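File shown: protein_32.cif. Contents: mmCIF, C-alpha atoms.
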```cif
data_final
loop_
_atom_site.label_atom_id
_atom_site.label_comp_id
_atom_site.auth_asym_id
_atom_site.auth_seq_id
_atom_site.Cartn_x
_atom_site.Cartn_y
_atom_site.Cartn_z
CA ALA A 988 -16.09 -3.01 -19.62
CA ARG A 989 -15.96 -6.31 -21.53
CA GLN A 990 -13.04 -5.11 -23.62
CA LEU A 991 -11.24 -3.85 -20.54
CA LEU A 992 -11.69 -7.14 -18.68
CA ARG A 993 -9.97 -8.94 -21.57
CA MET A 994 -6.83 -6.81 -21.27
CA PRO A 995 -3.97 -8.47 -19.32
CA MET A 996 -2.62 -5.02 -18.32
CA PHE A 997 -5.91 -4.24 -16.56
CA TRP A 998 -5.61 -7.38 -14.44
CA ILE A 999 -1.92 -6.80 -13.71
CA PHE A 1000 -2.58 -3.29 -12.43
CA GLY A 1001 -5.78 -4.26 -10.65
CA ILE A 1002 -4.23 -7.14 -8.75
CA SER A 1003 -1.18 -5.01 -7.95
CA LEU A 1004 -3.46 -2.32 -6.53
CA PHE A 1005 -5.29 -4.92 -4.46
CA PHE A 1006 -2.12 -6.32 -2.91
CA ALA A 1007 -0.60 -2.89 -2.30
CA ALA A 1008 -3.80 -1.56 -0.70
CA HIS A 1009 -4.18 -4.72 1.38
CA SER A 1010 -0.64 -4.42 2.74
CA MET A 1011 -0.86 -0.67 3.32
CA LEU A 1012 -4.06 -0.75 5.30
CA ALA A 1013 -3.05 -3.74 7.40
CA ILE A 1014 0.04 -1.89 8.58
CA GLN A 1015 -1.69 1.47 8.90
CA GLN A 1016 -4.55 0.04 10.98
CA HIS A 1017 -2.35 -2.13 13.21
CA LEU A 1018 0.88 -0.15 13.60
CA VAL A 1019 -0.14 1.57 16.84
CA LEU A 1020 -1.51 -1.68 18.28
CA TYR A 1021 1.70 -3.49 17.37
CA LEU A 1022 3.97 -0.81 18.84
CA THR A 1023 2.01 -0.40 22.07
CA GLY A 1024 1.88 -4.20 22.42
CA GLN A 1025 5.68 -4.16 22.24
CA GLY A 1026 5.87 -1.67 25.13
CA VAL A 1027 6.08 1.56 23.14
CA ALA A 1028 4.18 4.41 24.82
CA ALA A 1029 0.92 5.28 23.06
CA PRO A 1030 1.95 8.86 22.16
CA ARG A 1031 5.18 7.62 20.58
CA ALA A 1032 3.31 4.88 18.67
CA ALA A 1033 0.80 7.44 17.43
CA LEU A 1034 3.68 9.70 16.37
CA ALA A 1035 5.12 6.84 14.29
CA LEU A 1036 1.78 6.44 12.52
CA SER A 1037 1.49 10.21 12.06
CA THR A 1038 4.98 10.25 10.58
CA ALA A 1039 3.93 7.65 8.03
CA ILE A 1040 0.76 9.56 7.13
CA TRP A 1041 2.60 12.90 6.87
CA SER A 1042 5.26 11.23 4.71
CA SER A 1043 2.54 10.05 2.38
CA ALA A 1044 2.20 13.65 1.16
CA VAL A 1045 5.81 13.53 0.01
CA GLY A 1046 5.14 10.09 -1.48
CA LYS A 1047 2.34 11.57 -3.58
CA LEU A 1048 4.68 14.26 -4.88
CA LEU A 1049 7.46 11.76 -5.61
CA SER A 1050 5.05 9.44 -7.38
CA GLY A 1051 3.62 12.26 -9.45
CA ALA A 1052 7.08 13.47 -10.46
CA THR A 1053 8.09 9.90 -11.38
CA CYS A 1054 4.95 9.56 -13.52
CA ASP A 1055 5.66 12.83 -15.30
CA ARG A 1056 9.34 12.15 -15.88
CA PHE A 1057 9.28 8.39 -16.49
CA SER A 1058 6.05 6.36 -16.33
CA ALA A 1059 3.07 5.43 -14.20
CA ARG A 1060 4.32 1.85 -14.14
CA LEU A 1061 7.64 2.88 -12.59
CA ALA A 1062 5.86 5.10 -10.07
CA MET A 1063 3.64 2.21 -9.01
CA ILE A 1064 6.58 -0.20 -8.79
CA LEU A 1065 8.51 2.26 -6.62
CA SER A 1066 5.48 2.90 -4.42
CA VAL A 1067 4.95 -0.82 -3.85
CA LEU A 1068 8.68 -1.18 -3.19
CA TYR A 1069 8.49 1.56 -0.53
CA VAL A 1070 5.50 -0.18 1.07
CA GLY A 1071 7.40 -3.48 1.08
CA LEU A 1072 10.51 -1.88 2.54
CA GLY A 1073 8.36 -0.22 5.18
CA VAL A 1074 6.74 -3.52 6.15
CA ALA A 1075 10.15 -5.22 6.23
CA GLY A 1076 11.43 -2.37 8.38
CA VAL A 1077 8.57 -2.75 10.85
CA LEU A 1078 9.53 -6.42 11.18
CA ALA A 1079 13.29 -5.78 11.40
CA VAL A 1080 13.61 -2.64 13.54
CA ALA A 1081 13.20 -2.74 17.29
CA PRO A 1082 9.80 -1.14 18.03
CA GLY A 1083 11.22 1.26 20.62
CA SER A 1084 14.10 2.36 18.40
CA ASP A 1085 14.22 5.78 16.80
CA LEU A 1086 14.68 3.94 13.49
CA ILE A 1087 10.96 3.18 13.55
CA PHE A 1088 10.42 6.77 12.40
CA ALA A 1089 12.70 6.27 9.37
CA VAL A 1090 10.73 3.11 8.59
CA ALA A 1091 7.51 5.13 8.91
CA VAL A 1092 8.84 7.68 6.40
CA ILE A 1093 9.73 4.97 3.88
CA PHE A 1094 6.35 3.30 4.34
CA GLY A 1095 4.65 6.70 3.98
CA PHE A 1096 6.35 7.33 0.64
CA GLY A 1097 4.78 4.17 -0.72
CA TYR A 1098 1.45 4.75 1.00
CA GLY A 1099 1.10 8.14 -0.66
CA GLY A 1100 2.40 7.00 -4.02
CA ILE A 1101 -0.18 4.24 -4.38
CA PHE A 1102 -2.97 6.82 -4.30
CA ASN A 1103 -1.56 8.34 -7.52
CA ALA A 1104 -1.37 4.96 -9.22
CA SER A 1105 -4.94 4.50 -10.41
CA PRO A 1106 -5.47 7.77 -12.28
CA THR A 1107 -2.01 7.92 -13.82
CA ILE A 1108 -2.19 4.31 -14.95
CA VAL A 1109 -5.62 4.89 -16.46
CA PHE A 1110 -4.44 7.84 -18.52
CA GLU A 1111 -1.11 6.30 -19.52
CA TYR A 1112 -2.27 2.79 -20.38
CA PHE A 1113 -5.96 3.02 -21.13
CA GLY A 1114 -6.31 6.51 -22.59
CA THR A 1115 -8.77 9.27 -21.94
CA GLN A 1116 -11.88 7.49 -23.22
CA LYS A 1117 -14.22 6.00 -20.62
CA VAL A 1118 -12.03 7.21 -17.75
CA GLY A 1119 -14.88 6.84 -15.27
CA ALA A 1120 -15.51 3.20 -16.10
CA VAL A 1121 -11.83 2.27 -16.04
CA MET A 1122 -11.23 4.16 -12.77
CA GLY A 1123 -14.30 2.59 -11.23
CA LEU A 1124 -13.22 -0.91 -12.12
CA LEU A 1125 -9.63 -0.39 -10.91
CA LEU A 1126 -10.83 1.18 -7.69
CA VAL A 1127 -12.83 -1.97 -6.96
CA PHE A 1128 -9.47 -3.75 -6.58
CA PHE A 1129 -8.21 -0.93 -4.36
CA GLY A 1130 -11.37 -0.97 -2.24
CA LEU A 1131 -11.27 -4.72 -1.76
CA GLY A 1132 -7.62 -4.49 -0.72
CA THR A 1133 -8.25 -1.74 1.80
CA ALA A 1134 -11.29 -3.56 3.19
CA SER A 1135 -9.48 -6.86 3.62
CA GLY A 1136 -6.04 -5.70 4.83
CA GLY A 1137 -6.86 -4.63 8.36
CA LEU A 1138 -9.48 -7.33 8.78
CA LEU A 1139 -7.15 -10.19 7.83
CA ALA A 1140 -4.29 -8.76 9.92
CA GLY A 1141 -6.59 -8.58 12.95
CA TYR A 1142 -7.90 -12.08 12.37
CA LEU A 1143 -4.39 -13.54 12.03
CA PHE A 1144 -3.23 -11.68 15.15
CA ASP A 1145 -6.18 -13.10 17.09
CA GLN A 1146 -5.21 -16.61 15.97
CA VAL A 1147 -1.45 -16.48 16.66
CA HIS A 1148 -1.17 -13.57 19.16
CA ARG A 1149 1.72 -11.89 17.41
CA TYR A 1150 1.98 -9.45 14.53
CA SER A 1151 4.87 -11.11 12.73
CA VAL A 1152 2.49 -13.46 10.90
CA PRO A 1153 0.14 -10.86 9.37
CA PHE A 1154 3.03 -8.46 8.69
CA LEU A 1155 5.02 -11.21 6.93
CA LEU A 1156 1.94 -11.99 4.85
CA ASP A 1157 1.65 -8.29 3.98
CA LEU A 1158 5.31 -8.23 2.99
CA ALA A 1159 4.73 -11.23 0.72
CA LEU A 1160 1.64 -9.61 -0.81
CA ALA A 1161 3.52 -6.36 -1.43
CA ALA A 1162 6.29 -8.35 -3.11
#
```

Representation of the structure as structure tokens:
Amino acid sequence: ARQLLRMPMFWIFGISLFFAAHSMLAIQQHLVLYLTGQGVAAPRAALALSTAIWSSAVGKLLSGATCDRFSARLAMILSVLYVGLGVAGVLAVAPGSDLIFAVAVIFGFGYGGIFNASPTIVFEYFGTQKVGAVMGLLLVFFGLGTASGGLLAGYLFDQVHRYSVPFLLDLALAA
């Protein structure tokens, strides 16, 4: 673990996983609340979230294919890009518009792809020795991001009473 903690690549990937997970979970946990707060019917808001989650399966496949053909780094970059585009889309598209479903698909691609990031990065950049320790340490970043994303988004919403502030923060973190 000491050797790993001295590697800049470990910190780059770990912090990237934290920010991506933070942004993903903030949107995932607050999308329905945001949409219904903007006057979208609850079933339609839930369908938008379901579209994002279903699209994450395709995102996992795309990320895996990108890892196999190119690199884990490119797959992670593309996944974070999809998350960022999804967050930007949520901010830019009218909540009641049918385009919200296209935004959900784009977000879902990134959401699914991030889940492939940790294991593929471990094997590509850190090798096959001590996989458990490396995965465990990287997943700490992921866990902290998922735990803080929804919480911070909810806190910020409670302070300012609009979702643009936490969603803009999530866009900045994804970037």

- What is the CA of Val1127 (chain A) to CA of Gly1114 (chain A) distance in Å?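 Computed distance, CA of Val1127 (chain A) to CA of Gly1114 (chain A), equals 18.9 Å.
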
- Exercise: Asn1103 (chain A) partners within 8 Å, all atoms listed in the file, chain neighbours under 6 positions left out, as a ChimeraX atom specification: /A:1047,1050-1051

- Query: Distance CA of Gly1119 (chain A)-CA of Val1045 (chain A), one decimal place?
  - Reply: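 Straight-line distance from CA of Gly1119 (chain A) to CA of Val1045 (chain A) works out to 26.6 Å.
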
- Query: Quick one: residues within 10 Å of Gly1001 (chain A), only C-alpha atoms counted, chain neighbours fewer than 3 positions away excluded, as a PyMOL selection string?
  - Reply: chain A and resi 995-998+1004-1007+1105+1124-1129

- May I ask for the distance between CA of Leu1160 (chain A) and CA of His1009 (chain A), given in Å to one decimal place?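 Here the two named atoms are 7.9 Å from each other.
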
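With distances restricted to only C-alpha atoms, A:Val1077 is the closest residue to Tyr1150 (chain A) from A:Ser1084, A:Arg993, A:Ser1058, A:Val1077.
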
- Task: Have a look at A:Leu1131, A:Val1152, A:Met1063, A:Val1074 and name the one nearest to Phe1000 (chain A); count all atoms listed in the file.
- Result: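 With all atoms listed in the file as the atom set, the closest residue is A:Met1063.
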
- Proximity to Tyr1112 (chain A) - best of A:Ala1028, A:Leu1018, A:Val1070, A:Ala1059, all atoms listed in the file: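 For Tyr1112 (chain A), the nearest of the given residues is A:Ala1059.
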
- Residue with the minimum atom-to-atom distance to Tyr1021 (chain A), picked from A:Ser1151, A:Gly1130, A:Phe1102, A:Ile1002 with only C-alpha atoms counted, is A:Ser1151

- Query: Of the candidates A:Val1118, A:Leu1138, A:Val1147, A:Ala1161, which one gets nearest to Ile1064 (chain A) if we count all atoms listed in the file?
  - Reply: A:Ala1161

- Message: Ranking A:Ile1101, A:Leu1061, A:Leu1155, A:Leu1049 by minimum distance to Ile1014 (chain A) and counting all atoms listed in the file, which one comes first?
- Response: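 The shortest atom-to-atom distance to Ile1014 (chain A) comes from A:Leu1155.
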
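For the structure shown here, the set of residues caught by the PyMOL selection byres ((chain A and resi 1136) around 6) is His1009, Ser1010, Leu1012, Ala1013, Gly1132, Thr1133, Ala1134, Ser1135, Gly1137, Leu1138 and Leu1139 of chain A.
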
- How would you write, as a ChimeraX atom specification, the residues chosen by the PyMOL selection byres ((chain A and resi 1073) around 10) on this structure? /A:1011,1014,1039,1067-1072,1074-1079,1087,1089-1098,1158

- Message: Please return as a PyMOL selection string every residue within 7 Å of (-7.2, -0.7, -24.3), taking into account only C-alpha atoms and the file's own coordinates.
- Response: chain A and resi 991+994+1113
